[in-house]
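Quick look at structure_39.pdb (PDB, N, CA and C atoms and all ligand atoms):
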```pdb
ATOM      1  N   MET A  13    -147.977  28.635  77.703
ATOM      2  CA  MET A  13    -147.103  29.063  76.623
ATOM      3  C   MET A  13    -145.669  28.636  76.922
ATOM      4  N   THR A  14    -144.987  28.193  75.903
ATOM      5  CA  THR A  14    -143.603  27.756  76.068
ATOM      6  C   THR A  14    -142.656  28.832  75.560
ATOM      7  N   SER A  15    -141.626  29.089  76.333
ATOM      8  CA  SER A  15    -140.621  30.060  75.912
ATOM      9  C   SER A  15    -139.274  29.366  75.772
ATOM     10  N   HIS A  16    -138.628  29.622  74.649
ATOM     11  CA  HIS A  16    -137.280  29.110  74.390
ATOM     12  C   HIS A  16    -136.298  30.190  74.833
ATOM     13  N   LEU A  17    -135.616  29.947  75.970
ATOM     14  CA  LEU A  17    -134.709  30.975  76.501
ATOM     15  C   LEU A  17    -133.476  31.115  75.639
ATOM     16  N   CYS A  18    -132.820  30.000  75.413
ATOM     17  CA  CYS A  18    -131.619  29.961  74.589
ATOM     18  C   CYS A  18    -131.255  28.492  74.450
ATOM     19  N   ASP A  19    -130.173  28.199  73.771
ATOM     20  CA  ASP A  19    -129.742  26.811  73.663
ATOM     21  C   ASP A  19    -128.798  26.469  74.807
ATOM     22  N   PHE A  20    -128.755  25.189  75.134
ATOM     23  CA  PHE A  20    -127.931  24.698  76.252
ATOM     24  C   PHE A  20    -126.476  25.154  76.105
ATOM     25  N   ASN A  21    -125.955  25.049  74.893
ATOM     26  CA  ASN A  21    -124.551  25.401  74.677
ATOM     27  C   ASN A  21    -124.305  26.899  74.582
ATOM     28  N   ASP A  22    -125.377  27.682  74.605
ATOM     29  CA  ASP A  22    -125.192  29.142  74.624
ATOM     30  C   ASP A  22    -124.651  29.619  75.968
ATOM     31  N   LEU A  23    -124.863  28.819  77.020
ATOM     32  CA  LEU A  23    -124.361  29.174  78.350
ATOM     33  C   LEU A  23    -123.130  28.335  78.661
ATOM     34  N   ALA A  24    -122.060  28.984  79.046
ATOM     35  CA  ALA A  24    -120.860  28.269  79.489
ATOM     36  C   ALA A  24    -121.053  27.816  80.936
ATOM     37  N   GLU A  25    -120.304  26.819  81.344
ATOM     38  CA  GLU A  25    -120.329  26.404  82.740
ATOM     39  C   GLU A  25    -119.999  27.613  83.636
ATOM     40  N   GLY A  26    -120.831  27.824  84.658
ATOM     41  CA  GLY A  26    -120.605  28.941  85.559
ATOM     42  C   GLY A  26    -121.090  30.280  85.028
ATOM     43  N   GLU A  27    -121.845  30.249  83.941
ATOM     44  CA  GLU A  27    -122.355  31.497  83.364
ATOM     45  C   GLU A  27    -123.832  31.661  83.715
ATOM     46  N   ALA A  28    -124.243  32.898  83.903
ATOM     47  CA  ALA A  28    -125.648  33.225  84.142
ATOM     48  C   ALA A  28    -126.080  34.254  83.111
ATOM     49  N   ARG A  29    -127.384  34.254  82.832
ATOM     50  CA  ARG A  29    -127.893  35.207  81.849
ATOM     51  C   ARG A  29    -129.331  35.570  82.186
ATOM     52  N   SER A  30    -129.652  36.838  82.023
ATOM     53  CA  SER A  30    -131.004  37.293  82.340
ATOM     54  C   SER A  30    -131.891  37.271  81.101
ATOM     55  N   PHE A  31    -133.184  37.117  81.347
ATOM     56  CA  PHE A  31    -134.206  37.113  80.301
ATOM     57  C   PHE A  31    -135.440  37.800  80.880
ATOM     58  N   THR A  32    -136.296  38.258  79.999
ATOM     59  CA  THR A  32    -137.615  38.736  80.414
ATOM     60  C   THR A  32    -138.659  37.947  79.633
ATOM     61  N   VAL A  33    -139.541  37.269  80.363
ATOM     62  CA  VAL A  33    -140.585  36.453  79.744
ATOM     63  C   VAL A  33    -141.917  36.887  80.345
ATOM     64  N   ASN A  34    -142.861  37.235  79.489
ATOM     65  CA  ASN A  34    -144.188  37.698  79.958
ATOM     66  C   ASN A  34    -144.040  38.786  81.023
ATOM     67  N   ASN A  35    -143.135  39.710  80.782
ATOM     68  CA  ASN A  35    -142.882  40.839  81.692
ATOM     69  C   ASN A  35    -142.316  40.423  83.043
ATOM     70  N   THR A  36    -141.831  39.190  83.152
ATOM     71  CA  THR A  36    -141.186  38.736  84.380
ATOM     72  C   THR A  36    -139.690  38.589  84.133
ATOM     73  N   ASP A  37    -138.902  39.205  84.995
ATOM     74  CA  ASP A  37    -137.443  39.087  84.884
ATOM     75  C   ASP A  37    -137.004  37.771  85.512
ATOM     76  N   ILE A  38    -136.268  36.990  84.752
ATOM     77  CA  ILE A  38    -135.756  35.711  85.232
ATOM     78  C   ILE A  38    -134.284  35.613  84.850
ATOM     79  N   PHE A  39    -133.601  34.622  85.393
ATOM     80  CA  PHE A  39    -132.228  34.373  84.949
ATOM     81  C   PHE A  39    -131.956  32.880  84.997
ATOM     82  N   ALA A  40    -131.062  32.460  84.118
ATOM     83  CA  ALA A  40    -130.658  31.064  84.024
ATOM     84  C   ALA A  40    -129.195  30.952  84.398
ATOM     85  N   VAL A  41    -128.844  29.858  85.070
ATOM     86  CA  VAL A  41    -127.457  29.586  85.465
ATOM     87  C   VAL A  41    -127.106  28.171  85.017
ATOM     88  N   LYS A  42    -125.939  28.032  84.424
ATOM     89  CA  LYS A  42    -125.432  26.679  84.157
ATOM     90  C   LYS A  42    -124.412  26.341  85.240
ATOM     91  N   HIS A  43    -124.690  25.256  85.965
ATOM     92  CA  HIS A  43    -123.848  24.869  87.097
ATOM     93  C   HIS A  43    -123.782  23.351  87.133
ATOM     94  N   ASP A  44    -122.583  22.782  87.159
ATOM     95  CA  ASP A  44    -122.404  21.326  87.111
ATOM     96  C   ASP A  44    -123.192  20.718  85.954
ATOM     97  N   ASN A  45    -123.158  21.413  84.830
ATOM     98  CA  ASN A  45    -123.790  20.950  83.588
ATOM     99  C   ASN A  45    -125.314  20.815  83.700
ATOM    100  N   GLN A  46    -125.896  21.527  84.666
ATOM    101  CA  GLN A  46    -127.353  21.587  84.810
ATOM    102  C   GLN A  46    -127.786  23.045  84.628
ATOM    103  N   ILE A  47    -129.021  23.209  84.204
ATOM    104  CA  ILE A  47    -129.578  24.550  84.038
ATOM    105  C   ILE A  47    -130.581  24.816  85.161
ATOM    106  N   TYR A  48    -130.413  25.936  85.834
ATOM    107  CA  TYR A  48    -131.331  26.369  86.886
ATOM    108  C   TYR A  48    -131.870  27.742  86.488
ATOM    109  N   VAL A  49    -133.172  27.917  86.674
ATOM    110  CA  VAL A  49    -133.800  29.189  86.315
ATOM    111  C   VAL A  49    -134.568  29.711  87.527
ATOM    112  N   TYR A  50    -134.394  30.990  87.797
ATOM    113  CA  TYR A  50    -135.061  31.635  88.945
ATOM    114  C   TYR A  50    -135.647  32.966  88.512
ATOM    115  N   GLU A  51    -136.671  33.379  89.244
ATOM    116  CA  GLU A  51    -137.150  34.734  89.068
ATOM    117  C   GLU A  51    -136.085  35.690  89.608
ATOM    118  N   ASN A  52    -135.864  36.768  88.883
ATOM    119  CA  ASN A  52    -134.881  37.774  89.301
ATOM    120  C   ASN A  52    -135.555  38.727  90.288
ATOM    121  N   PHE A  53    -135.699  38.245  91.517
ATOM    122  CA  PHE A  53    -136.495  38.949  92.529
ATOM    123  C   PHE A  53    -135.930  38.552  93.891
ATOM    124  N   CYS A  54    -135.185  39.441  94.494
ATOM    125  CA  CYS A  54    -134.581  39.105  95.781
ATOM    126  C   CYS A  54    -135.644  39.103  96.886
ATOM    127  N   PRO A  55    -135.710  38.029  97.685
ATOM    128  CA  PRO A  55    -136.726  37.986  98.744
ATOM    129  C   PRO A  55    -136.476  38.991  99.871
ATOM    130  N   HIS A  56    -135.331  39.685  99.841
ATOM    131  CA  HIS A  56    -135.101  40.714 100.862
ATOM    132  C   HIS A  56    -135.959  41.948 100.573
ATOM    133  N   LEU A  57    -135.712  42.620  99.451
ATOM    134  CA  LEU A  57    -136.443  43.856  99.165
ATOM    135  C   LEU A  57    -137.326  43.760  97.933
ATOM    136  N   GLY A  58    -137.368  42.600  97.304
ATOM    137  CA  GLY A  58    -138.228  42.446  96.138
ATOM    138  C   GLY A  58    -137.733  43.204  94.922
ATOM    139  N   ILE A  59    -136.427  43.307  94.768
ATOM    140  CA  ILE A  59    -135.843  44.006  93.621
ATOM    141  C   ILE A  59    -134.912  43.047  92.885
ATOM    142  N   ASN A  60    -134.479  43.456  91.696
ATOM    143  CA  ASN A  60    -133.580  42.605  90.924
ATOM    144  C   ASN A  60    -132.272  42.379  91.683
ATOM    145  N   LEU A  61    -131.657  41.231  91.416
ATOM    146  CA  LEU A  61    -130.468  40.825  92.169
ATOM    147  C   LEU A  61    -129.185  41.493  91.686
ATOM    148  N   GLU A  62    -129.129  41.819  90.405
ATOM    149  CA  GLU A  62    -127.839  42.210  89.823
ATOM    150  C   GLU A  62    -127.724  43.726  89.635
ATOM    151  N   PHE A  63    -126.474  44.209  89.673
ATOM    152  CA  PHE A  63    -126.181  45.587  89.275
ATOM    153  C   PHE A  63    -125.686  45.617  87.829
ATOM    154  N   LEU A  64    -124.776  44.711  87.507
ATOM    155  CA  LEU A  64    -124.202  44.647  86.169
ATOM    156  C   LEU A  64    -124.916  43.563  85.370
ATOM    157  N   PRO A  65    -125.038  43.730  84.076
ATOM    158  CA  PRO A  65    -125.766  42.746  83.276
ATOM    159  C   PRO A  65    -125.211  41.329  83.451
ATOM    160  N   ASN A  66    -126.104  40.408  83.733
ATOM    161  CA  ASN A  66    -125.784  38.975  83.803
ATOM    162  C   ASN A  66    -124.820  38.598  84.925
ATOM    163  N   GLN A  67    -124.644  39.467  85.899
ATOM    164  CA  GLN A  67    -123.754  39.180  87.034
ATOM    165  C   GLN A  67    -124.604  38.711  88.217
ATOM    166  N   PHE A  68    -124.791  37.397  88.287
ATOM    167  CA  PHE A  68    -125.652  36.828  89.322
ATOM    168  C   PHE A  68    -124.892  35.953  90.303
ATOM    169  N   LEU A  69    -123.622  35.665  90.023
ATOM    170  CA  LEU A  69    -122.887  34.717  90.858
ATOM    171  C   LEU A  69    -121.780  35.414  91.633
ATOM    172  N   ASP A  70    -121.347  34.761  92.722
ATOM    173  CA  ASP A  70    -120.202  35.282  93.463
ATOM    174  C   ASP A  70    -118.925  35.036  92.655
ATOM    175  N   LEU A  71    -117.813  35.550  93.149
ATOM    176  CA  LEU A  71    -116.563  35.477  92.380
ATOM    177  C   LEU A  71    -116.153  34.048  92.077
ATOM    178  N   GLU A  72    -116.371  33.150  93.033
ATOM    179  CA  GLU A  72    -115.980  31.747  92.834
ATOM    180  C   GLU A  72    -117.024  30.963  92.058
ATOM    181  N   LYS A  73    -118.128  31.611  91.728
ATOM    182  CA  LYS A  73    -119.227  30.967  90.995
ATOM    183  C   LYS A  73    -119.790  29.774  91.755
ATOM    184  N   ARG A  74    -119.802  29.884  93.071
ATOM    185  CA  ARG A  74    -120.346  28.804  93.912
ATOM    186  C   ARG A  74    -121.751  29.114  94.397
ATOM    187  N   PHE A  75    -122.119  30.381  94.402
ATOM    188  CA  PHE A  75    -123.433  30.803  94.898
ATOM    189  C   PHE A  75    -124.002  31.892  93.997
ATOM    190  N   ILE A  76    -125.338  31.988  94.012
ATOM    191  CA  ILE A  76    -126.003  33.168  93.471
ATOM    192  C   ILE A  76    -125.858  34.254  94.533
ATOM    193  N   GLN A  77    -125.477  35.445  94.104
ATOM    194  CA  GLN A  77    -125.250  36.529  95.056
ATOM    195  C   GLN A  77    -126.086  37.741  94.674
ATOM    196  N   CYS A  78    -126.835  38.260  95.626
ATOM    197  CA  CYS A  78    -127.551  39.513  95.392
ATOM    198  C   CYS A  78    -126.555  40.658  95.523
ATOM    199  N   ALA A  79    -126.477  41.498  94.502
ATOM    200  CA  ALA A  79    -125.516  42.603  94.504
ATOM    201  C   ALA A  79    -125.920  43.712  95.472
ATOM    202  N   ASN A  80    -127.176  43.703  95.924
ATOM    203  CA  ASN A  80    -127.645  44.799  96.769
ATOM    204  C   ASN A  80    -127.097  44.710  98.189
ATOM    205  N   HIS A  81    -127.279  43.571  98.840
ATOM    206  CA  HIS A  81    -126.813  43.413 100.225
ATOM    207  C   HIS A  81    -126.126  42.076 100.422
ATOM    208  N   ASN A  82    -125.653  41.492  99.326
ATOM    209  CA  ASN A  82    -124.761  40.322  99.351
ATOM    210  C   ASN A  82    -125.368  39.046  99.905
ATOM    211  N   ALA A  83    -126.672  38.896  99.848
ATOM    212  CA  ALA A  83    -127.262  37.600 100.203
ATOM    213  C   ALA A  83    -126.709  36.530  99.265
ATOM    214  N   LEU A  84    -126.457  35.339  99.838
ATOM    215  CA  LEU A  84    -125.949  34.216  99.046
ATOM    216  C   LEU A  84    -127.002  33.120  99.001
ATOM    217  N   PHE A  85    -127.223  32.589  97.799
ATOM    218  CA  PHE A  85    -128.238  31.558  97.576
ATOM    219  C   PHE A  85    -127.571  30.331  96.944
ATOM    220  N   GLU A  86    -128.017  29.155  97.340
ATOM    221  CA  GLU A  86    -127.540  27.935  96.685
ATOM    222  C   GLU A  86    -127.996  27.943  95.228
ATOM    223  N   ILE A  87    -127.088  27.561  94.343
ATOM    224  CA  ILE A  87    -127.434  27.586  92.917
ATOM    225  C   ILE A  87    -128.475  26.513  92.592
ATOM    226  N   ASP A  88    -128.390  25.363  93.233
ATOM    227  CA  ASP A  88    -129.298  24.277  92.831
ATOM    228  C   ASP A  88    -130.675  24.368  93.485
ATOM    229  N   SER A  89    -130.797  25.099  94.586
ATOM    230  CA  SER A  89    -132.106  25.162  95.256
ATOM    231  C   SER A  89    -132.674  26.572  95.355
ATOM    232  N   GLY A  90    -131.815  27.590  95.290
ATOM    233  CA  GLY A  90    -132.264  28.969  95.485
ATOM    234  C   GLY A  90    -132.397  29.362  96.945
ATOM    235  N   PHE A  91    -132.030  28.455  97.842
ATOM    236  CA  PHE A  91    -132.156  28.725  99.281
ATOM    237  C   PHE A  91    -131.104  29.738  99.731
ATOM    238  N   CYS A  92    -131.523  30.716 100.535
ATOM    239  CA  CYS A  92    -130.605  31.749 101.007
ATOM    240  C   CYS A  92    -129.868  31.265 102.250
ATOM    241  N   LEU A  93    -128.537  31.144 102.116
ATOM    242  CA  LEU A  93    -127.688  30.640 103.192
ATOM    243  C   LEU A  93    -127.212  31.736 104.121
ATOM    244  N   SER A  94    -127.072  32.949 103.573
ATOM    245  CA  SER A  94    -126.604  34.044 104.423
ATOM    246  C   SER A  94    -127.067  35.364 103.841
ATOM    247  N   GLY A  95    -127.151  36.354 104.710
ATOM    248  CA  GLY A  95    -127.605  37.670 104.291
ATOM    249  C   GLY A  95    -128.938  38.005 104.931
ATOM    250  N   PRO A  96    -129.499  39.155 104.561
ATOM    251  CA  PRO A  96    -130.698  39.642 105.255
ATOM    252  C   PRO A  96    -131.953  38.819 104.999
ATOM    253  N   CYS A  97    -131.946  37.959 103.981
ATOM    254  CA  CYS A  97    -133.119  37.100 103.737
ATOM    255  C   CYS A  97    -132.787  35.637 104.026
ATOM    256  N   HIS A  98    -131.847  35.422 104.953
ATOM    257  CA  HIS A  98    -131.450  34.066 105.331
ATOM    258  C   HIS A  98    -132.674  33.216 105.634
ATOM    259  N   GLY A  99    -132.725  32.006 105.042
ATOM    260  CA  GLY A  99    -133.836  31.087 105.275
ATOM    261  C   GLY A  99    -134.947  31.186 104.247
ATOM    262  N   LYS A 100    -134.934  32.251 103.453
ATOM    263  CA  LYS A 100    -135.925  32.371 102.377
ATOM    264  C   LYS A 100    -135.297  31.813 101.087
ATOM    265  N   SER A 101    -136.094  31.786 100.043
ATOM    266  CA  SER A 101    -135.610  31.201  98.781
ATOM    267  C   SER A 101    -136.020  32.053  97.596
ATOM    268  N   LEU A 102    -135.200  31.978  96.559
ATOM    269  CA  LEU A 102    -135.596  32.519  95.263
ATOM    270  C   LEU A 102    -136.722  31.660  94.696
ATOM    271  N   ARG A 103    -137.541  32.254  93.843
ATOM    272  CA  ARG A 103    -138.602  31.477  93.192
ATOM    273  C   ARG A 103    -137.999  30.704  92.021
ATOM    274  N   LYS A 104    -138.053  29.380  92.145
ATOM    275  CA  LYS A 104    -137.475  28.526  91.112
ATOM    276  C   LYS A 104    -138.474  28.338  89.981
ATOM    277  N   ILE A 105    -137.994  28.426  88.758
ATOM    278  CA  ILE A 105    -138.835  28.266  87.575
ATOM    279  C   ILE A 105    -138.524  26.893  86.975
ATOM    280  N   PRO A 106    -139.534  26.034  86.833
ATOM    281  CA  PRO A 106    -139.278  24.720  86.218
ATOM    282  C   PRO A 106    -138.735  24.880  84.803
ATOM    283  N   VAL A 107    -137.746  24.088  84.484
ATOM    284  CA  VAL A 107    -137.084  24.191  83.189
ATOM    285  C   VAL A 107    -137.077  22.822  82.531
ATOM    286  N   GLU A 108    -137.204  22.824  81.222
ATOM    287  CA  GLU A 108    -137.117  21.577  80.451
ATOM    288  C   GLU A 108    -136.010  21.736  79.419
ATOM    289  N   ILE A 109    -135.301  20.665  79.208
ATOM    290  CA  ILE A 109    -134.294  20.648  78.153
ATOM    291  C   ILE A 109    -134.825  19.741  77.049
ATOM    292  N   ASP A 110    -135.020  20.309  75.873
ATOM    293  CA  ASP A 110    -135.518  19.555  74.728
ATOM    294  C   ASP A 110    -134.430  19.577  73.664
ATOM    295  N   GLY A 111    -133.660  18.513  73.610
ATOM    296  CA  GLY A 111    -132.497  18.534  72.725
ATOM    297  C   GLY A 111    -131.520  19.569  73.230
ATOM    298  N   GLN A 112    -131.312  20.596  72.439
ATOM    299  CA  GLN A 112    -130.425  21.694  72.847
ATOM    300  C   GLN A 112    -131.192  22.854  73.477
ATOM    301  N   LYS A 113    -132.514  22.834  73.392
ATOM    302  CA  LYS A 113    -133.285  24.009  73.782
ATOM    303  C   LYS A 113    -133.564  24.045  75.286
ATOM    304  N   ILE A 114    -133.368  25.197  75.863
ATOM    305  CA  ILE A 114    -133.764  25.442  77.247
ATOM    306  C   ILE A 114    -135.148  26.075  77.197
ATOM    307  N   LEU A 115    -136.135  25.352  77.752
ATOM    308  CA  LEU A 115    -137.531  25.791  77.642
ATOM    309  C   LEU A 115    -138.114  26.004  79.023
ATOM    310  N   ILE A 116    -138.972  26.978  79.124
ATOM    311  CA  ILE A 116    -139.814  27.103  80.317
ATOM    312  C   ILE A 116    -141.252  27.203  79.844
ATOM    313  N   ARG A 117    -142.149  26.688  80.654
ATOM    314  CA  ARG A 117    -143.565  26.639  80.276
ATOM    315  C   ARG A 117    -144.412  27.383  81.284
ATOM    316  N   ASN A 118    -145.421  28.060  80.765
ATOM    317  CA  ASN A 118    -146.493  28.600  81.602
ATOM    318  C   ASN A 118    -145.996  29.543  82.686
ATOM    319  N   LEU A 119    -145.052  30.409  82.337
ATOM    320  CA  LEU A 119    -144.632  31.408  83.324
ATOM    321  C   LEU A 119    -145.725  32.456  83.461
ATOM    322  N   PRO A 120    -146.308  32.593  84.648
ATOM    323  CA  PRO A 120    -147.400  33.558  84.786
ATOM    324  C   PRO A 120    -146.899  34.995  84.686
TER     325      PRO A 120
HETATM  326  S1  LIG B   1    -132.073  43.256  98.131
HETATM  327 FE1  LIG B   1    -131.062  41.324  97.953
HETATM  328  S2  LIG B   1    -129.960  41.141  99.800
HETATM  329 FE2  LIG B   1    -131.006  43.031  99.999
END
```
Is it possible to express this structure as structure tokens?
Amino acid sequence: MTSHLCDFNDLAEGEARSFTVNNTDIFAVKHDNQIYVYENFCPHLGINLEFLPNQFLDLEKRFIQCANHNALFEIDSGFCLSGPCHGKSLRKIPVEIDGQKILIRNLP
């Protein structure tokens, strides 16, 4: 099944937004004019990353930051650079851009 998250221009550079697809919490980030989508599931405790709605990035918008214990993840890979889950990664969701549409397929 294909899900249309939103349009490419709906996200500003450096903006993140959460979605729920097939009962799975995910979030999308626009960074360097690319879209990255991850499951909203911190590999430290297996809980959502954010406290405030759509707040997934650090202040400088250089990393994904878990609000619980401040783990930092690379935006383009989801790899955890520092924090209690150092060396683990967020689950990356393959994304397709079809014209303006941000699509994900077959999210289990
Ligand atoms: S739950 Fe994410 S760093 Fe602890």
List the residues matched by the PyMOL selection byres (((not hetatm)) within 6.5 of (chain B and resi 1)) in the displayed structure as a list in words, ordered by chain and then by residue number.
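On the file shown, the PyMOL selection byres (((not hetatm)) within 6.5 of (chain B and resi 1)) covers Cys54, Pro55, His56, Leu57, Gly58, Ile59, Asn60, Leu61, Cys78, Ala79, Asn80, His81, Asn82, Ala83, Gly95, Pro96 and Cys97 of chain A.
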Evaluate the PyMOL selection byres (((chain A and resi 75 and name CA) around 7) and not hetatm and name CA) against this structure - the residues, as a list in words, please.
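On the file shown, the PyMOL selection byres (((chain A and resi 75 and name CA) around 7) and not hetatm and name CA) covers Leu69, Asp70, Lys73, Arg74, Ile76, Gln77, Leu84, Phe85, Glu86 and Ile87 of chain A.
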Please write out, as lines of an AutoDock Vina configuration file, where the centre of an axis-aligned box around all listed atoms of segment 31-42 of chain A lies and how long its edges are, in Å to one decimal, after adding 4 Å on each side.
```
center_x = -134.3
center_y = 33.6
center_z = 82.5
size_x = 27.8
size_y = 22.5
size_z = 14.0
```
I'd like to know which of A:Ala40, A:Leu115, A:Leu102, A:Cys92 is closest to Phe53 of chain A, using only C-alpha atoms.
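The answer is A:Leu102, which sits nearest to Phe53 of chain A.
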If you count only N, CA and C atoms, which residues fall within 5 Å of Phe20 of chain A, apart from same-chain ones fewer than 2 positions away, as a list of chain:residue names?
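The neighbour list is A:Cys18, A:Asp22, A:Leu23, A:Gln112, A:Lys113, A:Ile114.
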Of the listed residues A:Val49, A:Gln67, A:His98, A:Asp44, that which approaches Ala28 of chain A most closely, counting only N, CA and C atoms
A:Gln67
Quick one: residues within 5 Å of Gly26 of chain A, only N, CA and C atoms, excluding same-chain residues fewer than 2 positions away - as JSON, numbers by chain?
{"A": [24, 28, 42, 43]}
My list of candidates is A:Leu17, A:Ile38, A:Leu93, A:Leu64. Which is closest to Ile105 of chain A when distances are computed with only C-alpha atoms?
A:Ile38
Please compute the atom CA of Arg117 of chain A-atom CA of Phe63 of chain A distance, one decimal, in Å.
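Separation of atom CA of Arg117 of chain A and atom CA of Phe63 of chain A: 27.2 Å.
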Extract the full set of strand (DSSP E or B) residues from chain A according to DSSP on the backbone, and format it as a VMD selection string.
chain A and resid 14 to 19 28 to 33 36 to 43 46 to 51 69 75 to 77 84 to 86 91 to 94 101 104 to 105 108 to 110 113 to 117
